[in-house]
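Here's structure.txt, which has compact mmCIF, C-alpha atoms and all ligand atoms:
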```txt
# COMPACT_ATOMS: atom_id res chain seq x y z
CA MET A 726 12.24 -21.41 -18.70
CA ARG A 727 12.63 -18.43 -21.02
CA THR A 728 10.36 -15.37 -20.84
CA GLU A 729 10.51 -11.65 -21.52
CA VAL A 730 10.06 -10.38 -17.94
CA ALA A 731 10.77 -12.36 -14.76
CA ILE A 732 8.67 -10.89 -11.94
CA ILE A 733 9.66 -11.55 -8.33
CA GLY A 734 6.74 -11.38 -5.88
CA ALA A 735 3.02 -12.11 -6.27
CA GLY A 736 1.74 -9.13 -4.29
CA PRO A 737 -0.51 -6.62 -6.03
CA ALA A 738 2.48 -5.02 -7.84
CA GLY A 739 3.89 -8.23 -9.33
CA LEU A 740 0.52 -9.74 -10.25
CA LEU A 741 -0.81 -6.56 -11.86
CA LEU A 742 2.41 -6.02 -13.83
CA SER A 743 2.19 -9.57 -15.16
CA GLN A 744 -1.47 -9.07 -16.10
CA LEU A 745 -0.81 -5.76 -17.91
CA LEU A 746 2.16 -7.24 -19.78
CA HIS A 747 0.01 -10.19 -20.85
CA GLY A 748 -2.54 -7.70 -22.24
CA ALA A 749 0.26 -6.12 -24.28
CA GLY A 750 1.40 -9.50 -25.62
CA ILE A 751 4.55 -9.58 -23.46
CA GLY A 752 5.44 -12.79 -21.64
CA ALA A 753 6.11 -12.85 -17.89
CA VAL A 754 6.69 -15.42 -15.16
CA VAL A 755 5.87 -14.58 -11.52
CA LEU A 756 7.96 -16.21 -8.76
CA GLU A 757 6.49 -16.06 -5.23
CA ARG A 758 8.08 -17.29 -2.01
CA GLN A 759 4.82 -17.96 -0.16
CA SER A 760 1.90 -20.33 -0.90
CA ARG A 761 -1.21 -19.18 -2.76
CA ASP A 762 -3.31 -19.54 0.42
CA TYR A 763 -0.90 -17.37 2.38
CA VAL A 764 -0.81 -14.64 -0.25
CA GLU A 765 -4.61 -14.60 -0.56
CA ALA A 766 -5.19 -14.39 3.19
CA ARG A 767 -2.80 -11.52 3.98
CA ILE A 768 -4.97 -8.59 5.17
CA ARG A 769 -3.66 -5.16 4.34
CA ALA A 770 -4.86 -2.09 2.48
CA GLY A 771 -8.41 -1.11 1.68
CA VAL A 772 -8.54 2.37 0.15
CA LEU A 773 -8.06 2.66 -3.62
CA GLU A 774 -7.40 5.84 -5.57
CA GLN A 775 -9.30 6.36 -8.82
CA GLY A 776 -6.11 5.76 -10.84
CA THR A 777 -5.72 2.38 -9.16
CA VAL A 778 -9.33 1.44 -9.94
CA ASP A 779 -8.92 2.57 -13.57
CA LEU A 780 -5.78 0.48 -14.03
CA LEU A 781 -7.42 -2.63 -12.56
CA HIS A 782 -10.24 -2.19 -15.08
CA ARG A 783 -7.75 -1.78 -17.91
CA ALA A 784 -6.08 -5.01 -16.82
CA GLY A 785 -9.43 -6.80 -17.10
CA VAL A 786 -9.82 -7.51 -13.39
CA GLY A 787 -12.39 -4.87 -12.49
CA ALA A 788 -15.68 -6.80 -12.64
CA ARG A 789 -15.97 -7.78 -8.98
CA LEU A 790 -14.45 -4.46 -7.92
CA SER A 791 -17.29 -2.69 -9.77
CA ARG A 792 -19.89 -4.85 -8.04
CA GLU A 793 -18.49 -4.93 -4.51
CA GLY A 794 -16.31 -1.79 -4.16
CA LEU A 795 -17.76 1.04 -2.07
CA ARG A 796 -17.41 4.55 -3.47
CA HIS A 797 -16.50 7.12 -0.79
CA ASP A 798 -16.83 10.80 -1.67
CA GLY A 799 -15.45 12.03 1.64
CA LEU A 800 -13.66 11.12 4.85
CA GLY A 801 -14.02 12.08 8.49
CA LEU A 802 -11.51 13.64 10.86
CA ALA A 803 -12.18 13.39 14.60
CA VAL A 804 -10.30 15.72 16.94
CA ASP A 805 -10.66 14.72 20.58
CA GLY A 806 -14.01 13.18 19.61
CA GLU A 807 -15.39 16.08 17.50
CA ILE A 808 -15.93 15.00 13.88
CA PHE A 809 -15.74 17.09 10.73
CA ARG A 810 -15.87 15.98 7.11
CA ILE A 811 -13.51 16.46 4.17
CA ASP A 812 -15.56 16.54 0.96
CA LEU A 813 -13.12 14.76 -1.35
CA ASP A 814 -15.45 14.89 -4.32
CA GLY A 815 -16.21 18.60 -3.97
CA LEU A 816 -12.65 19.67 -3.20
CA ALA A 817 -10.67 17.45 -5.56
CA GLY A 818 -12.50 18.02 -8.80
CA GLY A 819 -15.02 15.21 -8.60
CA LYS A 820 -12.53 12.55 -7.54
CA HIS A 821 -13.28 9.94 -4.91
CA VAL A 822 -11.76 6.77 -3.42
CA THR A 823 -13.06 3.19 -3.46
CA ILE A 824 -13.09 0.75 -0.56
CA TYR A 825 -12.04 -2.71 -1.77
CA GLY A 826 -9.66 -4.98 0.12
CA GLN A 827 -6.16 -5.68 -1.13
CA THR A 828 -6.89 -9.36 -0.49
CA GLU A 829 -9.74 -9.17 -3.00
CA ILE A 830 -7.50 -7.52 -5.62
CA THR A 831 -4.94 -10.27 -5.09
CA LYS A 832 -7.59 -12.99 -5.47
CA ASP A 833 -8.99 -11.39 -8.65
CA LEU A 834 -5.49 -11.17 -10.16
CA ILE A 835 -4.57 -14.75 -9.25
CA ASP A 836 -7.89 -15.97 -10.73
CA ALA A 837 -7.12 -14.07 -13.94
CA HIS A 838 -3.71 -15.77 -14.12
CA LEU A 839 -5.23 -19.22 -13.53
CA ALA A 840 -7.91 -18.58 -16.18
CA ARG A 841 -5.20 -18.14 -18.80
CA ASP A 842 -3.16 -21.04 -17.49
CA ALA A 843 -0.35 -18.82 -16.26
CA ALA A 844 -0.28 -19.58 -12.53
CA PRO A 845 2.47 -17.83 -10.57
CA VAL A 846 5.20 -20.16 -9.32
CA PHE A 847 4.25 -20.26 -5.62
CA GLU A 848 6.58 -21.52 -2.89
CA ALA A 849 9.68 -20.59 -4.89
CA GLN A 850 12.52 -20.64 -2.35
CA ASP A 851 16.02 -19.13 -2.52
CA VAL A 852 15.14 -16.78 -5.36
CA ALA A 853 18.36 -15.17 -6.64
CA LEU A 854 18.98 -12.56 -9.34
CA HIS A 855 21.91 -12.91 -11.73
CA ASP A 856 23.64 -10.74 -14.36
CA VAL A 857 21.24 -7.80 -13.96
CA GLU A 858 23.88 -5.52 -15.49
CA THR A 859 23.80 -7.48 -18.77
CA ASN A 860 21.12 -7.89 -21.46
CA ARG A 861 20.71 -11.54 -20.46
CA PRO A 862 19.77 -11.56 -16.78
CA PHE A 863 18.30 -14.65 -15.15
CA VAL A 864 16.66 -15.74 -11.92
CA THR A 865 17.21 -19.01 -10.07
CA TYR A 866 15.03 -20.62 -7.40
CA VAL A 867 14.25 -23.90 -5.71
CA ARG A 868 10.79 -25.47 -5.57
CA ASP A 869 10.05 -28.83 -3.95
CA GLY A 870 13.78 -29.42 -3.75
CA ILE A 871 14.21 -28.95 -7.53
CA SER A 872 16.24 -26.04 -8.92
CA GLY A 873 14.65 -23.80 -11.54
CA ARG A 874 16.00 -21.05 -13.77
CA VAL A 875 14.19 -18.29 -15.67
CA ASP A 876 16.11 -16.58 -18.47
CA CYS A 877 14.67 -13.19 -19.39
CA ASP A 878 15.22 -9.72 -20.88
CA PHE A 879 14.22 -7.85 -17.71
CA ILE A 880 13.65 -8.55 -14.02
CA ALA A 881 10.89 -6.74 -12.10
CA GLY A 882 11.58 -6.71 -8.36
CA CYS A 883 8.08 -6.61 -6.84
CA ASP A 884 8.97 -8.56 -3.71
CA GLY A 885 8.09 -6.05 -1.02
CA PHE A 886 10.16 -4.45 1.70
CA HIS A 887 11.71 -7.74 2.90
CA GLY A 888 12.42 -9.03 -0.62
CA VAL A 889 15.70 -9.95 -2.25
CA SER A 890 15.60 -7.77 -5.38
CA ARG A 891 16.74 -4.52 -3.80
CA THR A 892 19.90 -6.24 -2.55
CA ALA A 893 20.93 -6.89 -6.18
CA ILE A 894 21.70 -3.18 -6.50
CA PRO A 895 25.28 -2.58 -5.30
CA PRO A 896 25.47 -0.60 -2.02
CA SER A 897 27.75 1.88 -3.79
CA ILE A 898 24.81 2.81 -6.07
CA LEU A 899 21.78 2.35 -3.82
CA GLN A 900 20.82 5.24 -1.55
CA THR A 901 18.24 4.72 1.16
CA PHE A 902 16.24 7.21 3.21
CA GLU A 903 14.40 6.02 6.28
CA ARG A 904 12.31 7.03 9.29
CA ALA A 905 10.95 4.56 11.83
CA TYR A 906 8.06 5.79 13.98
CA PRO A 907 7.96 5.01 17.70
CA PHE A 908 4.55 3.27 17.57
CA GLY A 909 2.53 0.73 15.60
CA TRP A 910 -1.05 0.10 14.50
CA LEU A 911 -3.11 -2.64 16.08
CA GLY A 912 -5.73 -3.59 13.49
CA ILE A 913 -8.77 -5.81 13.80
CA MET A 914 -11.27 -7.13 11.27
CA ALA A 915 -14.77 -7.89 12.56
CA ASP A 916 -17.99 -8.91 10.86
CA VAL A 917 -20.01 -5.99 12.20
CA PRO A 918 -21.40 -2.92 10.37
CA PRO A 919 -18.99 0.06 10.28
CA CYS A 920 -19.61 2.69 12.99
CA HIS A 921 -19.17 5.59 10.56
CA GLY A 922 -20.33 5.95 6.94
CA GLU A 923 -16.88 6.95 5.67
CA VAL A 924 -13.28 6.30 6.71
CA LEU A 925 -12.73 8.17 9.99
CA TYR A 926 -9.25 9.28 11.14
CA ALA A 927 -9.18 10.16 14.84
CA SER A 928 -6.58 12.28 16.61
CA HIS A 929 -7.01 12.00 20.36
CA ALA A 930 -4.88 12.96 23.33
CA ARG A 931 -4.67 9.20 24.07
CA GLY A 932 -3.44 8.43 20.53
CA PHE A 933 -4.61 7.80 16.98
CA ALA A 934 -7.51 5.57 15.88
CA LEU A 935 -8.98 4.75 12.48
CA ALA A 936 -12.45 3.44 11.66
CA SER A 937 -12.56 1.82 8.23
CA MET A 938 -14.44 -0.99 6.55
CA ARG A 939 -14.37 -3.63 3.87
CA SER A 940 -18.13 -3.76 3.24
CA ARG A 941 -21.37 -2.68 4.86
CA THR A 942 -21.11 -5.68 7.17
CA ARG A 943 -17.35 -5.84 7.78
CA SER A 944 -15.37 -3.32 9.85
CA ARG A 945 -11.63 -2.71 9.81
CA CYS A 946 -10.51 -0.69 12.83
CA TYR A 947 -7.12 0.38 14.14
CA VAL A 948 -5.66 1.96 17.28
CA GLN A 949 -2.14 3.31 17.73
CA VAL A 950 -0.15 1.18 20.19
CA SER A 951 3.36 1.43 21.54
CA LEU A 952 6.02 -0.83 20.06
CA ASP A 953 6.43 -2.94 23.20
CA GLU A 954 2.76 -3.97 23.26
CA THR A 955 1.65 -7.40 22.02
CA LEU A 956 -1.62 -8.94 20.85
CA GLU A 957 -1.98 -10.58 24.29
CA ASP A 958 -2.19 -7.08 25.78
CA TRP A 959 -5.23 -6.35 23.61
CA PRO A 960 -8.18 -8.71 24.11
CA ASP A 961 -11.22 -7.67 22.02
CA GLY A 962 -12.93 -5.90 24.95
CA ARG A 963 -9.96 -3.63 25.60
CA PHE A 964 -9.64 -2.86 21.90
CA TRP A 965 -13.28 -1.75 21.55
CA ASP A 966 -13.10 0.33 24.77
CA GLU A 967 -10.01 2.22 23.61
CA PHE A 968 -11.25 2.58 20.02
CA ALA A 969 -14.55 4.05 21.28
CA LEU A 970 -12.76 6.56 23.50
CA ARG A 971 -10.53 7.78 20.71
CA ILE A 972 -13.17 8.17 17.97
CA GLY A 973 -15.43 9.99 20.43
CA PRO A 974 -19.01 9.57 21.62
CA GLY A 975 -20.72 10.55 18.32
CA ALA A 976 -19.25 7.70 16.27
CA ALA A 977 -18.87 5.38 19.27
CA ALA A 978 -22.66 5.37 19.70
CA HIS A 979 -22.83 3.43 16.41
CA ILE A 980 -20.21 0.78 17.25
CA THR A 981 -21.40 -2.80 17.08
CA ARG A 982 -18.85 -4.80 19.03
CA GLY A 983 -17.90 -8.11 17.48
CA GLU A 984 -15.28 -10.81 17.76
CA ALA A 985 -12.05 -10.00 15.90
CA ILE A 986 -11.64 -12.43 12.97
CA GLU A 987 -8.14 -11.06 12.45
CA LYS A 988 -5.89 -9.05 14.72
CA SER A 989 -2.34 -7.89 14.02
CA ILE A 990 0.18 -5.18 14.88
CA ALA A 991 2.06 -3.35 12.11
CA PRO A 992 5.04 -1.07 12.72
CA LEU A 993 5.09 2.29 10.91
CA ARG A 994 7.98 3.25 8.67
CA SER A 995 8.94 5.65 5.90
CA PHE A 996 11.57 4.29 3.49
CA VAL A 997 12.77 5.10 -0.03
CA ALA A 998 15.49 3.37 -2.07
CA GLU A 999 16.99 5.20 -5.04
CA PRO A 1000 17.39 4.57 -7.91
CA MET A 1001 14.54 2.18 -8.72
CA ARG A 1002 16.46 0.75 -11.67
CA HIS A 1003 19.82 -0.93 -12.00
CA GLY A 1004 20.73 -2.32 -15.42
CA ARG A 1005 17.92 -4.68 -16.40
CA LEU A 1006 16.42 -4.76 -12.88
CA PHE A 1007 13.43 -2.51 -12.09
CA LEU A 1008 12.00 -2.17 -8.58
CA ALA A 1009 8.29 -1.49 -8.06
CA GLY A 1010 6.10 -1.07 -4.98
CA ASP A 1011 7.16 -1.84 -1.42
CA ALA A 1012 10.45 -3.29 -2.74
CA ALA A 1013 11.51 0.32 -3.32
CA HIS A 1014 9.49 2.34 -0.82
CA ILE A 1015 7.35 2.13 2.31
CA VAL A 1016 4.99 4.74 3.70
CA PRO A 1017 3.29 4.73 7.10
CA PRO A 1018 -0.33 3.66 6.42
CA THR A 1019 -1.93 6.89 7.65
CA GLY A 1020 -2.44 8.35 4.16
CA ALA A 1021 -3.63 5.04 2.60
CA LYS A 1022 -0.90 5.40 -0.04
CA GLY A 1023 1.21 2.19 -0.02
CA LEU A 1024 -0.85 0.01 -2.33
CA ASN A 1025 -1.71 2.95 -4.57
CA LEU A 1026 1.96 3.88 -4.96
CA ALA A 1027 2.81 0.29 -5.84
CA ILE A 1028 0.12 0.32 -8.54
CA GLY A 1029 1.39 3.71 -9.80
CA ASP A 1030 4.90 2.24 -10.27
CA VAL A 1031 3.42 -0.70 -12.14
CA LYS A 1032 1.55 1.61 -14.51
CA LEU A 1033 4.79 3.41 -15.43
CA LEU A 1034 6.78 0.19 -15.71
CA ALA A 1035 4.19 -1.59 -17.86
CA GLU A 1036 4.07 1.41 -20.21
CA ALA A 1037 7.87 1.53 -20.40
CA LEU A 1038 8.20 -2.19 -21.14
CA THR A 1039 5.41 -1.99 -23.72
CA ALA A 1040 7.18 0.88 -25.52
CA PHE A 1041 10.36 -1.20 -25.52
CA TYR A 1042 8.76 -4.29 -27.05
CA ARG A 1043 6.60 -2.36 -29.55
CA ALA A 1044 9.29 -0.03 -30.92
CA ARG A 1045 12.58 -0.85 -29.15
CA ASP A 1046 12.08 2.56 -27.50
CA GLU A 1047 14.15 2.61 -24.30
CA SER A 1048 13.41 6.21 -23.31
CA ARG A 1049 10.55 5.26 -20.94
CA LEU A 1050 12.73 2.62 -19.29
CA ASP A 1051 15.45 5.22 -18.85
CA SER A 1052 13.11 7.73 -17.22
CA TYR A 1053 11.18 5.17 -15.11
CA SER A 1054 13.08 5.64 -11.86
CA ALA A 1055 13.06 9.45 -11.92
CA ARG A 1056 9.36 9.66 -12.85
CA ALA A 1057 8.30 7.11 -10.25
CA LEU A 1058 10.38 8.73 -7.51
CA GLN A 1059 8.89 12.16 -8.16
CA ARG A 1060 5.48 10.81 -7.25
CA VAL A 1061 6.81 8.54 -4.49
CA TRP A 1062 8.36 11.45 -2.59
CA LYS A 1063 5.13 13.43 -2.70
CA ALA A 1064 3.28 10.47 -1.21
CA GLU A 1065 6.07 10.04 1.35
CA ARG A 1066 5.60 13.66 2.36
CA PHE A 1067 1.81 13.36 2.63
CA SER A 1068 1.98 10.11 4.62
CA TRP A 1069 4.60 11.56 6.99
CA TRP A 1070 2.48 14.68 7.44
CA MET A 1071 -0.74 12.78 8.19
CA THR A 1072 1.17 10.55 10.61
CA THR A 1073 2.79 13.48 12.42
CA LEU A 1074 -0.46 15.42 12.58
CA LEU A 1075 -2.63 12.63 13.97
CA HIS A 1076 -0.47 10.45 16.26
CA ARG A 1077 0.72 10.82 19.81
CA PHE A 1078 4.52 10.56 19.92
CA PRO A 1079 6.34 9.55 23.12
CA THR A 1080 7.84 13.04 23.00
CA THR A 1081 4.48 14.81 22.48
CA ASP A 1082 4.19 17.35 25.28
CA PRO A 1083 1.23 19.69 25.98
CA PHE A 1084 2.70 22.29 23.60
CA ASP A 1085 2.97 19.77 20.76
CA ARG A 1086 -0.62 18.64 21.33
CA LYS A 1087 -1.86 22.25 21.23
CA ILE A 1088 -0.05 22.69 17.89
CA GLN A 1089 -1.64 19.51 16.48
CA VAL A 1090 -5.10 20.60 17.57
CA ALA A 1091 -4.53 24.10 16.17
CA GLU A 1092 -3.52 22.66 12.78
CA LEU A 1093 -6.59 20.41 12.72
CA ASP A 1094 -8.74 23.39 13.67
CA TYR A 1095 -7.19 25.33 10.81
CA ILE A 1096 -8.00 22.48 8.39
CA ARG A 1097 -11.58 22.39 9.70
CA ALA A 1098 -12.03 26.10 8.85
CA SER A 1099 -9.93 26.48 5.68
CA ARG A 1100 -11.09 25.36 2.27
CA ALA A 1101 -7.50 25.78 1.00
CA ALA A 1102 -6.12 23.42 3.66
CA GLN A 1103 -8.91 20.91 3.04
CA THR A 1104 -8.23 21.05 -0.69
CA ALA A 1105 -4.55 20.23 -0.15
CA LEU A 1106 -5.51 17.23 1.97
CA ALA A 1107 -8.19 16.06 -0.48
CA GLU A 1108 -5.93 16.36 -3.58
CA ASN A 1109 -3.28 14.22 -1.94
CA TYR A 1110 -5.73 11.68 -0.51
CA VAL A 1111 -7.46 10.94 -3.84
CA GLY A 1112 -4.04 10.63 -5.52
CA LEU A 1113 -1.73 13.06 -7.30
CA PRO A 1114 -1.32 12.86 -11.07
CA PHE A 1115 1.93 11.65 -12.64
CA GLY A 1116 4.36 14.52 -13.23
P1 LIG B 1201 3.75 -6.88 -1.19
O1 LIG B 1201 2.29 -6.84 -1.07
O2 LIG B 1201 4.57 -6.89 0.06
O3 LIG B 1201 4.12 -8.15 -2.07
C1 LIG B 1201 5.44 -8.65 -2.19
C2 LIG B 1201 5.37 -10.13 -2.48
O4 LIG B 1201 6.71 -10.62 -2.69
C3 LIG B 1201 4.81 -10.92 -1.32
O5 LIG B 1201 3.81 -11.80 -1.79
C4 LIG B 1201 6.01 -11.66 -0.76
O6 LIG B 1201 5.65 -12.91 -0.18
C5 LIG B 1201 6.87 -11.84 -1.99
N1 LIG B 1201 8.30 -12.03 -1.69
C6 LIG B 1201 9.02 -11.41 -0.73
N2 LIG B 1201 10.30 -11.84 -0.77
C7 LIG B 1201 10.37 -12.73 -1.78
C8 LIG B 1201 11.44 -13.50 -2.31
N3 LIG B 1201 12.68 -13.46 -1.80
N4 LIG B 1201 11.16 -14.32 -3.36
C9 LIG B 1201 9.92 -14.37 -3.90
N5 LIG B 1201 8.87 -13.66 -3.43
C10 LIG B 1201 9.11 -12.85 -2.38
N6 LIG B 1201 -1.74 0.79 1.29
C11 LIG B 1201 -2.72 1.57 0.74
O7 LIG B 1201 -2.57 2.04 -0.40
N7 LIG B 1201 -3.91 1.82 1.38
C12 LIG B 1201 -4.14 1.32 2.61
O8 LIG B 1201 -5.25 1.54 3.12
C13 LIG B 1201 -3.11 0.55 3.26
N8 LIG B 1201 -3.28 0.03 4.48
C14 LIG B 1201 -2.34 -0.79 5.01
C15 LIG B 1201 -2.57 -1.33 6.24
C16 LIG B 1201 -1.63 -2.19 6.81
C17 LIG B 1201 -1.90 -2.75 8.18
C18 LIG B 1201 -0.43 -2.52 6.10
C19 LIG B 1201 0.60 -3.47 6.70
C20 LIG B 1201 -0.20 -1.99 4.85
C21 LIG B 1201 -1.13 -1.12 4.29
N9 LIG B 1201 -0.93 -0.55 3.05
C22 LIG B 1201 -1.90 0.27 2.52
C23 LIG B 1201 0.29 -0.84 2.28
C24 LIG B 1201 0.09 -1.92 1.20
O9 LIG B 1201 -0.46 -3.06 1.77
C25 LIG B 1201 1.43 -2.23 0.52
O10 LIG B 1201 2.00 -1.02 0.09
C26 LIG B 1201 1.27 -3.20 -0.67
O11 LIG B 1201 1.07 -4.50 -0.23
C27 LIG B 1201 2.49 -3.17 -1.60
O12 LIG B 1201 2.36 -4.15 -2.61
P2 LIG B 1201 3.62 -4.87 -3.25
O13 LIG B 1201 3.09 -5.81 -4.28
O14 LIG B 1201 4.62 -3.86 -3.64
O15 LIG B 1201 4.30 -5.65 -2.05
C1 LIG B 1202 -7.33 1.46 5.81
C2 LIG B 1202 -5.96 1.45 6.01
C3 LIG B 1202 -5.30 2.66 6.01
O1 LIG B 1202 -3.97 2.68 6.16
C4 LIG B 1202 -5.97 3.86 5.83
O2 LIG B 1202 -5.27 5.01 5.85
C5 LIG B 1202 -7.33 3.85 5.63
C6 LIG B 1202 -8.01 2.64 5.62
C7 LIG B 1202 -8.04 0.17 5.79
O3 LIG B 1202 -7.42 -0.87 6.08
O4 LIG B 1202 -9.23 0.15 5.48
```

Please re-express this file's structure in structure tokens.
Ligand code: FAD
Ligand code: DHB
Amino acid sequence: MRTEVAIIGAGPAGLLLSQLLHGAGIGAVVLERQSRDYVEARIRAGVLEQGTVDLLHRAGVGARLSREGLRHDGLGLAVDGEIFRIDLDGLAGGKHVTIYGQTEITKDLIDAHLARDAAPVFEAQDVALHDVETNRPFVTYVRDGISGRVDCDFIAGCDGFHGVSRTAIPPSILQTFERAYPFGWLGIMADVPPCHGEVLYASHARGFALASMRSRTRSRCYVQVSLDETLEDWPDGRFWDEFALRIGPGAAAHITRGEAIEKSIAPLRSFVAEPMRHGRLFLAGDAAHIVPPTGAKGLNLAIGDVKLLAEALTAFYRARDESRLDSYSARALQRVWKAERFSWWMTTLLHRFPTTDPFDRKIQVAELDYIRASRAAQTALAENYVGLPFG
């Protein structure tokens, strides 16, 4: 196979890049290790920044998002059960966020690929990158026991944190920055109405909790758990009891308990790999950086990278202009580090660490109290939450 851009990974980053390139008349082939069913069922993010929504519309995959997405103009913060509201719309210049599941974005993008007869190559095993330092890189893989090869001008590494692309950058060039947090999030999905009208972040002496949703009839709820806990430790009844305690009696009064249709534990990590480009290889999304989910930034950052990369590749193919490709890594990283900072800050502010002593808890509560009373502090939170502009 010969194409302009070989894209590794059919997550939101890889699929959206392929869709945007198609719109610009640039060919791309997407290689994905997992099956279509697996990719479409993976439950993850749910909060979209306006820039993410705009880009999905520009890519022609915004119709269902417009119909089914829920606009949220604010969010809630609960401190030991007492709730106050951050008015995102009022504080961040009329900006808001949209609730729409990452799974739905993935389905919409795969449908758009199928509609133009450009299905991703699913179940591509042993994907390997070759000659990324030359102008004629290529990717090899194995599918159904048969070897395949994609010759291309560029490779986009959109294969997530556990992907292979990042390893194609020599260790002497790649710098990594990392922080692992000493806890995880236990998340459940349940077909019950949300207990709070907006996303509610709860800081409690017993630990963090988050009340979110996918629709008016589907709840997505999380509690902080320690890393040695397993799903067996958390039958539905225990989950709802702990969740209710942490969000406090006001919101808990509106909980409808329901059977978990999905339950999983995710570790929390901050990670950045620099640079995001090596020769003809460009990294985008979780392949280059991970944030803890507390700020709802991971998916939005991945989409932000894709916007920059699609623009850079388009400038190259339209006018042989390489300047955007040359500045891609630095521009993307500028925004990435600000989201890293915000996600780290939200995580540190709201979670109980094994080392949290009574003094630390007093400091957390004092900072939350300050945010409750200060328009300046609320504005800083709101600006970051709805998404910072590109520098
Ligand atoms: P991925 O979605 O990881 O996609 C990478 C793809 O590459 C996968 O399909 C994978 O199978 C494939 N792949 C991997 N290795 C190979 C290989 N060797 N060959 C071929 N293919 C390969 N973000 C937010 O913005 N808001 C939120 O509210 C939010 N909540 C979250 C909640 C949870 C519980 C979790 C776990 C994450 C959350 N995130 C959130 C983060 C968000 O889900 C990720 O940042 C996002 O999926 C990144 O997209 P991506 O396309 O870069 O990577
Ligand atoms: C959701 C996930 C997040 O990480 C977050 O900060 C807010 C909402 C969610 O899954 O809905």

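Nearest to His855 in chain A of all the residues A:Leu1106, A:Leu993, A:Ala985, A:Leu1006 is A:Leu1006, based on only C-alpha atoms.
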
Item checked: Ala753 in chain A environment, 9 Å, only C-alpha atoms, sequence neighbours closer than 2 positions dropped, as a PyMOL selection string -> chain A and resi 728-732+742-744+746-747+751+755+843+877

Item checked: Test item: residues no farther than 6 Å from ligand LIG 1201 (chain B), counting only C-alpha atoms and all ligand atoms, as number ranges by chain -> A: 733-739, 756-759, 764, 769-772, 852, 883-885, 887-889, 991, 1010-1012, 1018, 1021-1025, 1027

Could you pull out the residues sitting within 10 Å of ligand LIG 1202 (chain B), using all atoms listed in the file, and write them as a PDB file with C-alpha atoms, in the coordinates of the input?
```
ATOM      1  CA  ILE A 768      -4.970  -8.590   5.170  1.00  0.00           C
ATOM      2  CA  ARG A 769      -3.660  -5.160   4.340  1.00  0.00           C
ATOM      3  CA  ALA A 770      -4.860  -2.090   2.480  1.00  0.00           C
ATOM      4  CA  GLY A 771      -8.410  -1.110   1.680  1.00  0.00           C
ATOM      5  CA  VAL A 772      -8.540   2.370   0.150  1.00  0.00           C
ATOM      6  CA  LEU A 773      -8.060   2.660  -3.620  1.00  0.00           C
ATOM      7  CA  LEU A 800     -13.660  11.120   4.850  1.00  0.00           C
ATOM      8  CA  ILE A 824     -13.090   0.750  -0.560  1.00  0.00           C
ATOM      9  CA  TYR A 825     -12.040  -2.710  -1.770  1.00  0.00           C
ATOM     10  CA  GLY A 826      -9.660  -4.980   0.120  1.00  0.00           C
ATOM     11  CA  GLN A 827      -6.160  -5.680  -1.130  1.00  0.00           C
ATOM     12  CA  TRP A 910      -1.050   0.100  14.500  1.00  0.00           C
ATOM     13  CA  GLY A 912      -5.730  -3.590  13.490  1.00  0.00           C
ATOM     14  CA  ILE A 913      -8.770  -5.810  13.800  1.00  0.00           C
ATOM     15  CA  MET A 914     -11.270  -7.130  11.270  1.00  0.00           C
ATOM     16  CA  GLU A 923     -16.880   6.950   5.670  1.00  0.00           C
ATOM     17  CA  VAL A 924     -13.280   6.300   6.710  1.00  0.00           C
ATOM     18  CA  LEU A 925     -12.730   8.170   9.990  1.00  0.00           C
ATOM     19  CA  TYR A 926      -9.250   9.280  11.140  1.00  0.00           C
ATOM     20  CA  LEU A 935      -8.980   4.750  12.480  1.00  0.00           C
ATOM     21  CA  ALA A 936     -12.450   3.440  11.660  1.00  0.00           C
ATOM     22  CA  SER A 937     -12.560   1.820   8.230  1.00  0.00           C
ATOM     23  CA  MET A 938     -14.440  -0.990   6.550  1.00  0.00           C
ATOM     24  CA  ARG A 939     -14.370  -3.630   3.870  1.00  0.00           C
ATOM     25  CA  SER A 940     -18.130  -3.760   3.240  1.00  0.00           C
ATOM     26  CA  SER A 944     -15.370  -3.320   9.850  1.00  0.00           C
ATOM     27  CA  ARG A 945     -11.630  -2.710   9.810  1.00  0.00           C
ATOM     28  CA  CYS A 946     -10.510  -0.690  12.830  1.00  0.00           C
ATOM     29  CA  TYR A 947      -7.120   0.380  14.140  1.00  0.00           C
ATOM     30  CA  VAL A1016       4.990   4.740   3.700  1.00  0.00           C
ATOM     31  CA  PRO A1017       3.290   4.730   7.100  1.00  0.00           C
ATOM     32  CA  PRO A1018      -0.330   3.660   6.420  1.00  0.00           C
ATOM     33  CA  THR A1019      -1.930   6.890   7.650  1.00  0.00           C
ATOM     34  CA  GLY A1020      -2.440   8.350   4.160  1.00  0.00           C
ATOM     35  CA  ALA A1021      -3.630   5.040   2.600  1.00  0.00           C
ATOM     36  CA  LYS A1022      -0.900   5.400  -0.040  1.00  0.00           C
ATOM     37  CA  GLY A1023       1.210   2.190  -0.020  1.00  0.00           C
ATOM     38  CA  LEU A1024      -0.850   0.010  -2.330  1.00  0.00           C
ATOM     39  CA  SER A1068       1.980  10.110   4.620  1.00  0.00           C
ATOM     40  CA  MET A1071      -0.740  12.780   8.190  1.00  0.00           C
ATOM     41  CA  THR A1072       1.170  10.550  10.610  1.00  0.00           C
ATOM     42  CA  TYR A1110      -5.730  11.680  -0.510  1.00  0.00           C
TER      43      TYR A1110
END
```

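Residue nearest Gly1029 in chain A, chosen from A:Arg1056, A:Lys1087, A:Arg1100, A:Arg1045 and counting only C-alpha atoms: A:Arg1056.
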
Item checked: Contacts of Gly794 in chain A within 7 Å, all atoms listed in the file, excl. fewer than 2 positions in-chain, as a count of residues only -> 7
